[in-house]
Structure formats: structure tokens, C-alpha cells
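Structure file run02.cif; described as mmCIF, C-alpha atoms.
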```cif
data_upload
loop_
_atom_site.label_atom_id
_atom_site.label_comp_id
_atom_site.auth_asym_id
_atom_site.auth_seq_id
_atom_site.Cartn_x
_atom_site.Cartn_y
_atom_site.Cartn_z
CA MET A 1 -95.01 -5.50 42.97
CA ASN A 2 -92.03 -6.55 45.04
CA PRO A 3 -91.89 -4.24 48.10
CA THR A 4 -88.21 -3.54 47.44
CA ASP A 5 -88.59 -2.65 43.76
CA TRP A 6 -88.21 0.99 44.78
CA VAL A 7 -84.52 0.32 45.50
CA ASP A 8 -83.86 -0.90 41.97
CA HIS A 9 -85.83 1.92 40.36
CA ALA A 10 -84.10 4.59 42.45
CA LEU A 11 -80.63 3.14 41.92
CA ALA A 12 -81.20 2.91 38.17
CA ALA A 13 -82.28 6.56 38.09
CA VAL A 14 -79.25 7.70 40.08
CA MET A 15 -76.88 5.72 37.85
CA ASP A 16 -78.51 7.19 34.72
CA ARG A 17 -78.02 10.63 36.26
CA VAL A 18 -74.29 9.90 36.55
CA THR A 19 -74.18 9.37 32.80
CA THR A 20 -76.12 12.55 31.97
CA THR A 21 -73.90 14.48 34.38
CA GLU A 22 -70.77 13.08 32.74
CA ALA A 23 -71.99 14.34 29.36
CA ALA A 24 -72.94 17.74 30.76
CA VAL A 25 -69.78 18.65 32.69
CA GLY A 26 -67.15 17.77 30.09
CA ASP A 27 -63.74 17.78 31.75
CA ARG A 28 -64.85 19.61 34.90
CA PHE A 29 -65.94 18.16 38.25
CA PRO A 30 -69.63 18.62 39.19
CA LEU A 31 -70.32 20.43 42.46
CA TYR A 32 -74.04 21.27 42.65
CA ALA A 33 -76.89 21.48 40.16
CA GLU A 34 -79.80 23.90 39.80
CA PRO A 35 -83.11 22.39 40.92
CA GLY A 36 -84.97 23.73 37.90
CA ASP A 37 -82.98 22.54 34.92
CA GLY A 38 -80.25 20.37 36.42
CA ARG A 39 -77.46 22.66 35.20
CA TRP A 40 -74.24 21.98 37.10
CA THR A 41 -71.90 24.42 38.78
CA THR A 42 -68.49 22.85 38.28
CA THR A 43 -64.88 23.11 39.41
CA GLY A 44 -61.78 22.46 37.39
CA ARG A 45 -59.71 20.58 39.99
CA GLY A 46 -62.42 18.91 42.03
CA SER A 47 -62.09 20.83 45.31
CA TRP A 48 -63.10 18.87 48.43
CA THR A 49 -65.94 17.15 46.54
CA GLY A 50 -63.94 15.60 43.69
CA GLY A 51 -63.79 12.17 45.30
CA PHE A 52 -67.57 11.93 45.45
CA TRP A 53 -67.71 12.29 41.68
CA THR A 54 -65.06 9.62 41.11
CA GLY A 55 -66.77 7.42 43.69
CA LEU A 56 -70.03 7.71 41.76
CA LEU A 57 -68.23 6.75 38.58
CA TRP A 58 -66.79 3.65 40.25
CA LEU A 59 -70.26 2.73 41.54
CA ARG A 60 -71.62 3.12 38.00
CA ALA A 61 -68.87 0.91 36.62
CA ARG A 62 -69.73 -1.74 39.17
CA TYR A 63 -73.44 -1.39 38.43
CA THR A 64 -73.13 -1.74 34.66
CA GLY A 65 -70.05 -3.94 34.39
CA ASP A 66 -69.02 -1.81 31.40
CA ASP A 67 -65.29 -1.58 30.65
CA GLY A 68 -65.72 1.94 29.27
CA HIS A 69 -67.29 3.06 32.52
CA ARG A 70 -64.41 1.54 34.45
CA ARG A 71 -61.88 3.35 32.27
CA ALA A 72 -63.74 6.62 32.78
CA ALA A 73 -63.71 6.14 36.56
CA ALA A 74 -59.98 5.40 36.50
CA ALA A 75 -59.22 8.45 34.36
CA TRP A 76 -61.16 10.81 36.60
CA THR A 77 -59.58 9.28 39.72
CA ALA A 78 -56.08 9.91 38.35
CA ARG A 79 -56.96 13.61 38.18
CA LEU A 80 -57.27 13.69 41.96
CA ALA A 81 -53.52 13.08 42.38
CA PRO A 82 -52.52 16.74 43.03
CA TRP A 83 -54.77 16.77 46.10
CA ALA A 84 -52.67 14.07 47.77
CA VAL A 85 -50.11 16.69 48.81
CA ALA A 86 -52.57 19.55 49.40
CA ASP A 87 -52.74 20.94 52.93
CA THR A 88 -56.30 19.93 53.74
CA ALA A 89 -57.98 17.36 55.97
CA THR A 90 -60.67 17.01 53.31
CA ARG A 91 -58.23 14.59 51.69
CA GLY A 92 -60.10 12.00 53.72
CA LEU A 93 -63.30 12.77 51.83
CA ILE A 94 -61.47 12.99 48.52
CA PHE A 95 -59.37 9.87 48.64
CA TRP A 96 -61.32 7.44 50.78
CA TYR A 97 -64.75 7.82 49.23
CA GLY A 98 -63.23 8.50 45.82
CA THR A 99 -61.18 5.30 45.68
CA ALA A 100 -62.70 2.71 48.05
CA PRO A 101 -65.52 1.80 45.59
CA ALA A 102 -62.81 1.01 43.00
CA GLY A 103 -62.17 -2.30 44.72
CA ASP A 104 -59.00 -3.97 43.46
CA ASP A 105 -58.10 -1.33 40.85
CA PRO A 106 -54.32 -1.03 41.33
CA ALA A 107 -53.99 2.63 40.31
CA ALA A 108 -56.75 3.71 42.69
CA ALA A 109 -55.18 1.66 45.49
CA ALA A 110 -51.78 3.22 44.84
CA LEU A 111 -53.22 6.73 44.88
CA ARG A 112 -55.04 5.98 48.13
CA ALA A 113 -51.78 4.73 49.67
CA THR A 114 -49.92 7.86 48.54
CA ALA A 115 -52.61 10.09 50.05
CA ALA A 116 -52.56 8.08 53.28
CA GLU A 117 -48.81 8.54 53.69
CA ALA A 118 -49.11 12.26 52.96
CA CYS A 119 -51.88 12.66 55.54
CA LEU A 120 -49.79 10.79 58.10
CA ALA A 121 -46.92 13.20 57.40
CA ALA A 122 -49.32 16.08 58.11
CA TYR A 123 -50.46 14.59 61.43
CA ASP A 124 -49.61 16.88 64.36
CA PRO A 125 -48.97 14.69 67.45
CA ALA A 126 -49.13 17.68 69.79
CA LEU A 127 -52.64 18.53 68.63
CA GLY A 128 -53.62 14.93 68.06
CA ILE A 129 -55.10 15.63 64.62
CA VAL A 130 -54.38 16.17 60.97
CA PRO A 131 -55.17 19.91 60.95
CA TRP A 132 -57.93 21.22 58.71
CA GLY A 133 -55.26 22.93 56.63
CA ALA A 134 -54.98 26.07 54.55
CA ALA A 135 -55.49 24.72 51.01
CA LEU A 136 -59.13 25.82 50.90
CA GLY A 137 -58.51 29.16 52.63
CA GLY A 138 -58.99 30.32 56.22
CA PRO A 139 -57.13 29.33 59.41
CA ARG A 140 -55.08 26.16 59.28
CA LEU A 141 -55.28 24.89 62.88
CA LEU A 142 -58.90 23.85 62.91
CA ALA A 143 -60.67 20.68 64.00
CA ARG A 144 -63.94 20.15 62.11
CA ALA A 145 -66.55 17.41 62.01
CA ASP A 146 -66.13 17.02 58.25
CA ALA A 147 -62.40 16.35 58.73
CA VAL A 148 -63.09 12.99 60.41
CA PRO A 149 -65.00 10.63 58.08
CA GLY A 150 -62.75 9.29 55.38
CA MET A 151 -59.64 10.66 57.07
CA THR A 152 -59.59 8.01 59.79
CA PRO A 153 -59.86 4.97 57.48
CA LEU A 154 -57.45 6.66 55.08
CA LEU A 155 -54.83 7.18 57.80
CA ALA A 156 -55.28 3.57 58.86
CA CYS A 157 -54.00 2.55 55.42
CA ALA A 158 -50.56 3.89 56.41
CA GLY A 159 -49.50 1.02 58.65
CA THR A 160 -49.16 0.93 62.42
CA GLU A 161 -48.32 4.61 62.77
CA GLY A 162 -51.23 5.52 60.55
CA ALA A 163 -53.62 3.41 62.62
CA ALA A 164 -52.51 5.14 65.84
CA ALA A 165 -52.88 8.56 64.20
CA ALA A 166 -56.34 7.58 62.95
CA ALA A 167 -57.50 6.68 66.45
CA ALA A 168 -56.06 9.88 67.93
CA HIS A 169 -57.56 12.05 65.17
CA LEU A 170 -60.99 10.51 65.66
CA HIS A 171 -61.07 10.73 69.45
CA ARG A 172 -59.72 14.28 69.61
CA HIS A 173 -62.53 15.39 67.32
CA LEU A 174 -65.13 13.46 69.31
CA ASP A 175 -63.90 14.93 72.58
CA LEU A 176 -64.08 18.45 71.15
CA CYS A 177 -67.34 18.14 69.23
CA LEU A 178 -69.29 15.96 71.67
CA GLY A 179 -67.53 16.61 74.98
CA GLY A 180 -65.14 14.44 76.94
CA GLU A 181 -61.74 14.52 78.62
CA GLY A 182 -62.97 16.97 81.25
CA ARG A 183 -65.43 18.72 78.93
CA ALA A 184 -69.14 18.51 79.65
CA ARG A 185 -71.25 16.34 77.36
CA ARG A 186 -72.76 18.52 74.65
CA ARG A 187 -76.46 18.40 74.01
CA ARG A 188 -75.77 19.75 70.54
CA PRO A 189 -72.41 18.97 68.93
CA VAL A 190 -70.04 21.88 68.29
CA PRO A 191 -68.70 21.03 64.82
CA ALA A 192 -65.74 23.40 64.50
CA TRP A 193 -62.85 24.44 66.77
CA HIS A 194 -59.67 26.45 66.35
CA PHE A 195 -56.44 26.10 68.28
CA ASP A 196 -54.97 29.10 70.06
CA ALA A 197 -51.43 28.77 71.38
CA GLU A 198 -52.38 30.47 74.66
CA ALA A 199 -56.02 29.51 75.18
CA GLY A 200 -55.99 26.06 73.60
CA TRP A 201 -58.99 24.76 71.69
CA GLN A 202 -61.78 27.30 71.25
CA PRO A 203 -65.18 26.82 69.56
CA ARG A 204 -65.90 28.59 66.30
CA ALA A 205 -69.13 30.28 65.37
CA GLU A 206 -69.26 28.67 61.92
CA PRO A 207 -70.45 26.07 61.23
CA ALA A 208 -72.74 26.60 64.20
CA ALA A 209 -73.87 23.99 66.71
CA GLY A 210 -76.83 22.14 65.25
CA TRP A 211 -75.36 21.85 61.76
CA SER A 212 -77.11 18.67 60.64
CA ARG A 213 -74.40 17.62 58.21
CA GLY A 214 -71.82 17.94 60.98
CA GLU A 215 -73.77 15.48 63.10
CA ALA A 216 -74.10 13.14 60.14
CA TRP A 217 -70.35 13.30 59.41
CA LEU A 218 -69.54 12.45 63.02
CA LEU A 219 -71.93 9.50 63.08
CA LEU A 220 -70.38 8.20 59.86
CA ALA A 221 -66.89 8.44 61.34
CA VAL A 222 -67.97 6.59 64.49
CA ALA A 223 -69.66 3.87 62.44
CA GLU A 224 -66.55 3.42 60.30
CA ALA A 225 -64.40 3.04 63.40
CA LEU A 226 -66.72 0.55 65.10
CA LEU A 227 -66.63 -1.64 62.01
CA ARG A 228 -62.89 -1.34 61.39
CA PRO A 229 -60.96 -0.66 64.62
CA TYR A 230 -57.77 1.22 63.85
CA ASP A 231 -55.56 0.01 66.71
CA ALA A 232 -55.66 -0.98 70.37
CA THR A 233 -56.47 2.60 71.41
CA HIS A 234 -59.66 2.87 69.36
CA ARG A 235 -61.75 2.80 72.60
CA PRO A 236 -64.90 0.92 71.51
CA ASP A 237 -66.85 1.92 74.63
CA ARG A 238 -66.23 5.62 73.85
CA LEU A 239 -67.34 5.05 70.27
CA ARG A 240 -70.57 3.35 71.35
CA THR A 241 -71.27 6.22 73.74
CA ALA A 242 -70.66 8.72 70.94
CA ALA A 243 -72.98 6.81 68.61
CA GLN A 244 -75.70 6.71 71.26
CA GLN A 245 -75.26 10.43 71.92
CA LEU A 246 -75.64 11.33 68.25
CA LEU A 247 -78.52 8.95 67.71
CA SER A 248 -80.53 10.14 70.72
CA ASP A 249 -79.54 13.74 71.40
CA GLY A 250 -79.05 14.52 67.72
CA GLY A 251 -82.31 12.89 66.71
CA LEU A 252 -80.59 10.80 64.05
CA LEU A 253 -82.58 7.74 65.08
CA ASN A 254 -85.97 9.28 65.84
CA GLY A 255 -86.04 12.82 64.45
CA PRO A 256 -87.19 13.92 60.98
CA LEU A 257 -86.13 11.54 58.23
CA VAL A 258 -84.78 14.53 56.30
CA PRO A 259 -83.44 17.14 58.73
CA ALA A 260 -83.26 20.88 58.45
CA ALA A 261 -79.81 22.09 57.47
CA GLN A 262 -79.49 23.76 60.86
CA ARG A 263 -81.14 22.30 63.99
CA SER A 264 -81.23 25.64 65.72
CA GLY A 265 -84.90 26.46 66.03
CA ARG A 266 -84.73 28.94 63.18
CA LEU A 267 -86.31 28.15 59.84
CA THR A 268 -83.74 26.70 57.43
CA PRO A 269 -84.05 24.57 54.29
CA LEU A 270 -83.88 20.81 54.47
CA ASP A 271 -80.63 19.03 53.70
CA THR A 272 -81.11 15.75 51.88
CA SER A 273 -77.33 15.31 51.75
CA ALA A 274 -77.25 15.12 55.56
CA ALA A 275 -80.00 12.50 55.40
CA ALA A 276 -78.09 10.44 52.83
CA ILE A 277 -74.88 10.54 54.88
CA THR A 278 -76.85 9.54 57.97
CA ALA A 279 -78.48 6.64 56.12
CA VAL A 280 -75.08 5.22 55.16
CA ALA A 281 -73.84 5.64 58.73
CA LEU A 282 -76.93 3.83 60.02
CA LEU A 283 -76.43 0.99 57.55
CA LYS A 284 -72.90 0.61 58.86
CA LEU A 285 -74.10 0.68 62.48
CA SER A 286 -76.68 -1.98 61.65
CA CYS A 287 -73.72 -4.28 60.97
CA VAL A 288 -72.22 -3.66 64.43
CA PRO A 289 -73.47 -6.34 66.86
CA GLY A 290 -75.58 -4.85 69.63
CA PRO A 291 -79.09 -3.84 70.62
CA LEU A 292 -79.19 -0.80 68.31
CA ALA A 293 -78.52 -2.74 65.10
CA PRO A 294 -82.17 -3.53 64.18
CA ALA A 295 -83.31 0.05 64.82
CA CYS A 296 -80.44 1.44 62.77
CA SER A 297 -81.28 -0.88 59.88
CA TYR A 298 -84.97 0.05 59.94
CA ARG A 299 -84.21 3.76 60.15
CA ALA A 300 -81.65 3.64 57.32
CA VAL A 301 -84.15 2.04 54.96
CA ALA A 302 -86.83 4.54 55.98
CA VAL A 303 -84.51 7.48 55.24
CA LEU A 304 -83.46 6.10 51.86
CA ARG A 305 -87.10 5.36 50.97
CA ARG A 306 -88.11 8.93 51.85
CA LEU A 307 -85.29 10.35 49.71
CA ALA A 308 -86.27 8.14 46.78
CA ASP A 309 -89.99 8.84 47.06
CA ALA A 310 -90.04 12.53 47.92
CA HIS A 311 -86.79 14.12 46.74
CA LEU A 312 -85.55 12.17 43.70
CA THR A 313 -86.70 13.46 40.32
CA GLY A 314 -88.40 11.02 38.02
CA ALA A 315 -89.18 10.70 34.34
CA GLY A 316 -91.67 13.26 33.08
CA SER A 317 -90.83 15.86 35.74
CA GLY A 318 -89.40 18.29 33.20
CA ARG A 319 -85.99 17.85 34.81
CA PRO A 320 -83.32 15.20 34.41
CA ALA A 321 -84.31 12.03 36.24
CA GLY A 322 -82.27 10.87 39.22
CA MET A 323 -81.54 14.29 40.78
CA LEU A 324 -81.53 14.25 44.58
CA LEU A 325 -83.00 17.68 45.27
CA ASP A 326 -83.31 19.73 48.47
CA GLY A 327 -79.66 19.52 49.41
CA CYS A 328 -78.35 22.55 51.28
CA TYR A 329 -74.72 23.50 50.70
CA ASP A 330 -74.63 26.53 53.02
CA ALA A 331 -77.76 27.86 54.70
CA ASP A 332 -75.98 30.90 56.14
CA ARG A 333 -74.17 32.20 53.07
CA GLY A 334 -76.81 31.17 50.58
CA PRO A 335 -75.25 29.10 47.78
CA ALA A 336 -77.15 26.01 46.68
CA VAL A 337 -79.74 25.77 49.43
CA ARG A 338 -82.29 23.56 47.62
CA HIS A 339 -80.05 21.92 45.05
CA GLU A 340 -78.65 18.63 43.92
CA LEU A 341 -75.29 18.18 45.65
CA ILE A 342 -72.66 15.78 44.35
CA TRP A 343 -71.96 14.34 47.81
CA GLY A 344 -75.69 13.83 48.41
CA ASP A 345 -75.85 11.87 45.15
CA TYR A 346 -72.86 9.79 46.22
CA PHE A 347 -74.20 8.76 49.61
CA LEU A 348 -77.68 8.08 48.23
CA ALA A 349 -76.12 5.88 45.54
CA LEU A 350 -73.94 4.13 48.11
CA GLY A 351 -76.88 3.44 50.41
CA LEU A 352 -79.04 2.13 47.58
CA ALA A 353 -76.16 0.03 46.25
CA ALA A 354 -75.75 -1.53 49.69
CA LEU A 355 -79.45 -2.42 49.85
CA ASP A 356 -79.18 -3.84 46.33
CA GLY A 357 -76.21 -6.04 47.22
CA LEU A 358 -73.84 -4.17 44.92
CA VAL A 359 -71.40 -3.08 47.63
CA ASP A 360 -70.25 -4.28 51.01
CA ILE A 361 -71.28 -1.34 53.19
CA THR A 362 -68.91 -2.37 55.96
CA ARG A 363 -65.94 -1.52 53.75
CA VAL A 364 -67.35 0.83 51.05
CA GLU A 365 -66.13 -1.49 48.34
CA PRO A 366 -67.66 -3.88 45.80
CA ALA A 367 -69.33 -6.94 47.26
CA ARG A 368 -67.35 -10.09 46.56
CA GLY A 369 -68.48 -11.98 43.51
CA ARG A 370 -70.92 -9.31 42.35
CA SER A 371 -70.79 -7.58 39.01
CA GLY A 372 -73.18 -5.55 36.91
CA ALA A 373 -72.22 -7.50 33.79
CA GLY A 374 -75.19 -9.44 32.51
CA ARG A 375 -77.53 -8.01 35.12
CA ALA A 376 -80.98 -9.36 34.37
CA GLY A 377 -82.94 -8.53 37.50
CA PRO A 378 -82.88 -7.01 40.98
CA ARG A 379 -79.97 -7.86 43.27
CA ARG A 380 -81.00 -9.20 46.63
#
```
Exercise: express the given structure as C-alpha cells:
Amino acid sequence: MNPTDWVDHALAAVMDRVTTTEAAVGDRFPLYAEPGDGRWTTTGRGSWTGGFWTGLLWLRARYTGDDGHRRAAAAWTARLAPWAVADTATRGLIFWYGTAPAGDDPAAAALRATAAEACLAAYDPALGIVPWGAALGGPRLLARADAVPGMTPLLACAGTEGAAAAAAHLHRHLDLCLGGEGRARRRRPVPAWHFDAEAGWQPRAEPAAGWSRGEAWLLLAVAEALLRPYDATHRPDRLRTAAQQLLSDGGLLNGPLVPAAQRSGRLTPLDTSAAAITAVALLKLSCVPGPLAPACSYRAVAVLRRLADAHLTGAGSGRPAGMLLDGCYDADRGPAVRHELIWGDYFLALGLAALDGLVDITRVEPARGRSGAGRAGPRR
């Protein structure tokens, strides 16, 4: 057996799961699925996870080369349009990962451009960020680790001003979460901060330091920026330092392949979604010239292999095949702590698609000259 056959088998299972999910959810966006029977909890408008569903649909369309699948991806993507003007920094997650795999689809590109301009309009130059926003509830003036990936490449789509805002948004979050600009280097990233008019930036208790998905989001944002510098102020040396800090201190290069949801010493469930995000970030970093590239490549493949072998349901399991189980939505509040999560599915699919030659991982878009149409064997 070819030693990389596991990639093709796992990717096929994940793509089949997209189709069974599509049939199960009707006109609602999937959020997370029960580990026992694969039943989805859904949302009508997509929430902050809607782009991961549309991104999966675009990956499926690329994988199969089927015109019907492409039309389905386009139709679901069009439904994201109301989020373009919503007051939330999760628009980066929604519109970058939800449209980049669409490649040259003109409607997806136009929606991405509209969202980029809207995010640039929301940029606060005094704070140096696009604030977290109030659309999903809670305080508006927050800086969070999950507000960085997607947002920075999305902002960079909005011309010169967007590129400058992208660099500022990224580095303000890195300085807060990891330390810098007079702040001590943090052994454990602080993933959430709020702005007080009198006291300035103050750390928040939730999500707590040691949130594994927060570390994964930050590494992904750094990897994106190292591959696609936003402007002359992108500070590559600072980005390399941040990557090294997350890889070493955060254990993302030598810790457990699938981390606990909270790296706090207390017993928490695993989070396969954090592992999948990390794997994609590592694949991106493996494309950045430097001494860490080989180790990042090796580690990324090891993480994806562990997810495929130990956490992906197969045929005959009594559950739908292709479910990435053991994702933890929120270890503190309790929802979906050992479930299939739509963003975990997306990043697993993206990582596998990159290994299979289906996408260019440096840009999160279809590889040039590749199509699923007429696929007769493994892509290498």
C-alpha cells in the first residue's frame, strides 16, 4: 500500500461527509454534530462559523469537479452577504475562509471585496484594530485571538489602506496576546483583552490563558502574514519571533499532537479542531524559507495523520463516516465538548487537500491546473 494512501481515504471520507451533512441540514448552516448519531445543531444565518461551511462546499466542488456542487457552494456563499456589514471581527473567519477556496468565482470574489471594505471602515486607528464588535453579544471593544486569522488577509484585499490596517491589526493582537511594546513576553498567551478608556487594555478572564484554539488561531495568523506580507510595516522579524514563541512555549511543535482544549493543568477534553487549525498553520509555515520549515512540515503531517487515524469515523462505526470527533466548542460552559465541529471539519479538509495537491496552501485557493473532474487516482 502506498504510504500516503491514508490522505486519499481520509479526504474522500470528509468530502462524503459534506454531502451527507448537506442533505441533513436542509437550508440551515451546520454548527456542531452529536458524536453518537451525527445529528447537527444548526443556525439559520450561519453565525461566525458560516464561512467554514461554504468553504467546505467549495473544497468539495474542487474535489469532485461537479457543476452542481459548484452551484451549491455559490448559493450558500451568497447567503453570507448580510454578515458583510455586521459589527463583528469574525467577518475575517466568515469571508476569508468561506470564499478563498472558491478561486476565480466572480460572485465570491465580489462578496469578499465588499466584506473587506466594510471591515476597513470598521477599523479603529486609535486602537489599532478592527474591534471584536457587538453583533454576537457582549462588549464591543475587545481584542481576541480568533479575531486575527482571516481578518488580516481580508483587510489586505482593500488596497493600500487595507494592507496597513491588516498589519496594525495583526501586530496589536500579537503584542497584547504574546507580549511586546513594553509588555513582558508571555509564557502562555492571553487570548482576550478589553479596552478601558481610563486603564487602557486589560486582560479578560475568558477565554483563559492556555486556550489551545487561541494559540492555534494566532499561529495561523502569523503563518498567513509570513507568506503574504501586507505592507512595509509587517515586521517579519517580529512575526518569526511570534511563530517561534508559539511553537516552543505553546508546544505546537513538540507537545501532544491533539491538545487539551485548555492547557491549564486541569483536566479538560481534547480539541481536535485546535489540532486541525494548527496543522494548516504548520503547513503554511513549512512553505516559509528558514530552518523551521522541515520540522513544521513533519509535524503537520503527523497531526493530520493522528486526526485521520484516531478521530475520524469510518465505515461500519455505526455513525456517519468522515466525522472529525473530539472537538471541544467550549470546555467551560459545556456545549459540544466531544463533538464534530464545522470549523474542525474545514481545517482538516483543507490540510488533507493541501497534502493531496488539491489546493495551494500558501493562498487557501485551488491549485493551478488542478480539478476533480475525471479524477482517476490519488493526487500527488
Which residues of range 245-287 of chain A have any atom within 7 Å of an atom in range 301-325 of chain A when counting all atoms listed in the file, and what is the closest pair of atoms for each, with the distance in Å to one decimal? Order the rows by chain and rising number and write it as JSON lines.
```
{"residue": "A:Leu257", "atom": "CA", "partner": "A:Val303", "partner_atom": "CA", "distance": 5.3}
{"residue": "A:Ala275", "atom": "CA", "partner": "A:Val303", "partner_atom": "CA", "distance": 6.8}
{"residue": "A:Ala276", "atom": "CA", "partner": "A:Leu304", "partner_atom": "CA", "distance": 7.0}
{"residue": "A:Ala279", "atom": "CA", "partner": "A:Val303", "partner_atom": "CA", "distance": 6.2}
```
Given the choices A:Ala72, A:Ala156, A:Thr43, A:Arg79, which gets closest to Gly92 in chain A if the distance is worked out from all atoms listed in the file?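 Closest candidate: A:Ala156.
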Return as a PDB file with C-alpha atoms, keeping the file's coordinate frame the set of residues that the PyMOL selection byres ((chain A and resi 142) around 9) yields on the displayed structure.
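Saved file part23.pdb follows:
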```
ATOM      1  CA  PRO A 131     -55.170  19.910  60.950  1.00  0.00           C
ATOM      2  CA  TRP A 132     -57.930  21.220  58.710  1.00  0.00           C
ATOM      3  CA  GLY A 133     -55.260  22.930  56.630  1.00  0.00           C
ATOM      4  CA  PRO A 139     -57.130  29.330  59.410  1.00  0.00           C
ATOM      5  CA  ARG A 140     -55.080  26.160  59.280  1.00  0.00           C
ATOM      6  CA  LEU A 141     -55.280  24.890  62.880  1.00  0.00           C
ATOM      7  CA  ALA A 143     -60.670  20.680  64.000  1.00  0.00           C
ATOM      8  CA  ARG A 144     -63.940  20.150  62.110  1.00  0.00           C
ATOM      9  CA  ALA A 192     -65.740  23.400  64.500  1.00  0.00           C
ATOM     10  CA  TRP A 193     -62.850  24.440  66.770  1.00  0.00           C
ATOM     11  CA  HIS A 194     -59.670  26.450  66.350  1.00  0.00           C
ATOM     12  CA  PHE A 195     -56.440  26.100  68.280  1.00  0.00           C
ATOM     13  CA  TRP A 201     -58.990  24.760  71.690  1.00  0.00           C
TER      14      TRP A 201
END
```
Please compute the CA of Gln262 in chain A-CA of Ile342 in chain A distance, one decimal, in Å.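 A separation of 19.6 Å between them.
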Suppose a student applies the PyMOL selection byres ((chain A and resi 62-64) around 10) to this structure; what residues should they get, written as a PyMOL selection string? chain A and resi 11-12+15+56-61+65-70+101-103+353+358-359+365-367+370-375
Quick one: everything within 10 Å of Ile361 in chain A, counting all atoms listed in the file, minus sequence neighbours fewer than 2 positions away in the same chain. Send it as an NGL selection string. :A and (224 or 227 or 280-281 or 283-285 or 287 or 350-351 or 353-355 or 357-359 or 363-367)
Kindly resolve the PyMOL selection byres ((chain A and resi 21) around 10) on the present coordinates and return the residues as a PyMOL selection string. chain A and resi 15-20+22-26+29-30+33+38-40+53+320+323
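Proximity to Asp332 in chain A was assessed for A:Gly344, A:Gly44, A:Pro82, A:Pro207 counting only C-alpha atoms; the smallest distance is recorded for A:Pro207.
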For a cutoff of 7 Å around the file-coordinate point (-64.5, 8.7, 61.3), which residues qualify once you count all atoms listed in the file? I'd like the result as a PyMOL selection string. chain A and resi 148-152+170+218+220-222+224-225
Between A:Leu267, A:Ala116, A:Ala242, A:Leu31, which is the closest to Ala336 in chain A once you count only C-alpha atoms?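 That would be A:Leu31, the residue with the smallest distance to Ala336 in chain A.
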CA of Leu178 in chain A and CA of Glu117 in chain A are how many Å apart? 28.2 Å
3 Å per side around range 26-32 of chain A: axis-aligned box centre and edge lengths, as lines of an AutoDock Vina configuration file:
```
center_x = -68.9
center_y = 19.5
center_z = 36.4
size_x = 16.3
size_y = 9.5
size_z = 18.6
```
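The space between CA of Thr49 in chain A and CA of Trp96 in chain A spans 11.6 Å.
Each of A:Ala135, A:Leu282, A:Leu270, A:Ala74 was compared to Asp104 in chain A using only C-alpha atoms, and A:Ala74 turns out to be the nearest.
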Taking into account all atoms listed in the file, which residue in the set A:Trp6, A:Phe52, A:Trp211, A:Tyr346 is nearest to Gly250 in chain A?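 Distance minimum relative to Gly250 in chain A lands on A:Trp211.
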Identify which of the residues A:Pro236, A:Pro291, A:Gly138, A:Gly179 lies closest to Thr88 in chain A, counting only C-alpha atoms when measuring atom-to-atom distances.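 Of all the options, A:Gly138 lies closest to Thr88 in chain A.
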Repaired coordinates for range 76-87 of chain A (N, CA, C and O atoms) as a PDB file, in the frame of the given file:
```pdb
ATOM      1  N   TRP A  76     -60.792   9.715  35.712  1.00  0.00           N
ATOM      2  CA  TRP A  76     -61.160  10.810  36.600  1.00  0.00           C
ATOM      3  C   TRP A  76     -60.423  10.693  37.939  1.00  0.00           C
ATOM      4  O   TRP A  76     -59.997  11.700  38.516  1.00  0.00           O
ATOM      5  N   THR A  77     -60.265   9.482  38.443  1.00  0.00           N
ATOM      6  CA  THR A  77     -59.580   9.280  39.720  1.00  0.00           C
ATOM      7  C   THR A  77     -58.131   9.745  39.636  1.00  0.00           C
ATOM      8  O   THR A  77     -57.611  10.359  40.583  1.00  0.00           O
ATOM      9  N   ALA A  78     -57.473   9.476  38.518  1.00  0.00           N
ATOM     10  CA  ALA A  78     -56.080   9.910  38.350  1.00  0.00           C
ATOM     11  C   ALA A  78     -55.948  11.415  38.460  1.00  0.00           C
ATOM     12  O   ALA A  78     -54.903  11.929  38.901  1.00  0.00           O
ATOM     13  N   ARG A  79     -56.999  12.146  38.108  1.00  0.00           N
ATOM     14  CA  ARG A  79     -56.960  13.610  38.180  1.00  0.00           C
ATOM     15  C   ARG A  79     -56.986  14.138  39.611  1.00  0.00           C
ATOM     16  O   ARG A  79     -56.744  15.327  39.831  1.00  0.00           O
ATOM     17  N   LEU A  80     -57.277  13.272  40.562  1.00  0.00           N
ATOM     18  CA  LEU A  80     -57.270  13.690  41.960  1.00  0.00           C
ATOM     19  C   LEU A  80     -55.853  13.761  42.537  1.00  0.00           C
ATOM     20  O   LEU A  80     -55.657  14.301  43.634  1.00  0.00           O
ATOM     21  N   ALA A  81     -54.877  13.235  41.835  1.00  0.00           N
ATOM     22  CA  ALA A  81     -53.520  13.080  42.380  1.00  0.00           C
ATOM     23  C   ALA A  81     -52.951  14.348  42.996  1.00  0.00           C
ATOM     24  O   ALA A  81     -52.313  14.277  44.062  1.00  0.00           O
ATOM     25  N   PRO A  82     -53.107  15.548  42.407  1.00  0.00           N
ATOM     26  CA  PRO A  82     -52.520  16.740  43.030  1.00  0.00           C
ATOM     27  C   PRO A  82     -53.035  17.015  44.448  1.00  0.00           C
ATOM     28  O   PRO A  82     -52.328  17.619  45.259  1.00  0.00           O
ATOM     29  N   TRP A  83     -54.235  16.536  44.763  1.00  0.00           N
ATOM     30  CA  TRP A  83     -54.770  16.770  46.100  1.00  0.00           C
ATOM     31  C   TRP A  83     -54.070  15.942  47.172  1.00  0.00           C
ATOM     32  O   TRP A  83     -54.191  16.238  48.361  1.00  0.00           O
ATOM     33  N   ALA A  84     -53.334  14.924  46.785  1.00  0.00           N
ATOM     34  CA  ALA A  84     -52.670  14.070  47.770  1.00  0.00           C
ATOM     35  C   ALA A  84     -51.697  14.871  48.634  1.00  0.00           C
ATOM     36  O   ALA A  84     -51.493  14.554  49.814  1.00  0.00           O
ATOM     37  N   VAL A  85     -51.082  15.902  48.066  1.00  0.00           N
ATOM     38  CA  VAL A  85     -50.110  16.690  48.810  1.00  0.00           C
ATOM     39  C   VAL A  85     -50.656  18.060  49.200  1.00  0.00           C
ATOM     40  O   VAL A  85     -49.911  18.915  49.674  1.00  0.00           O
ATOM     41  N   ALA A  86     -51.955  18.277  49.014  1.00  0.00           N
ATOM     42  CA  ALA A  86     -52.570  19.550  49.400  1.00  0.00           C
ATOM     43  C   ALA A  86     -52.764  19.593  50.907  1.00  0.00           C
ATOM     44  O   ALA A  86     -53.019  18.568  51.548  1.00  0.00           O
ATOM     45  N   ASP A  87     -52.627  20.777  51.487  1.00  0.00           N
ATOM     46  CA  ASP A  87     -52.740  20.940  52.930  1.00  0.00           C
ATOM     47  C   ASP A  87     -54.211  21.067  53.321  1.00  0.00           C
ATOM     48  O   ASP A  87     -54.726  22.153  53.573  1.00  0.00           O
TER      49      ASP A  87
END
```
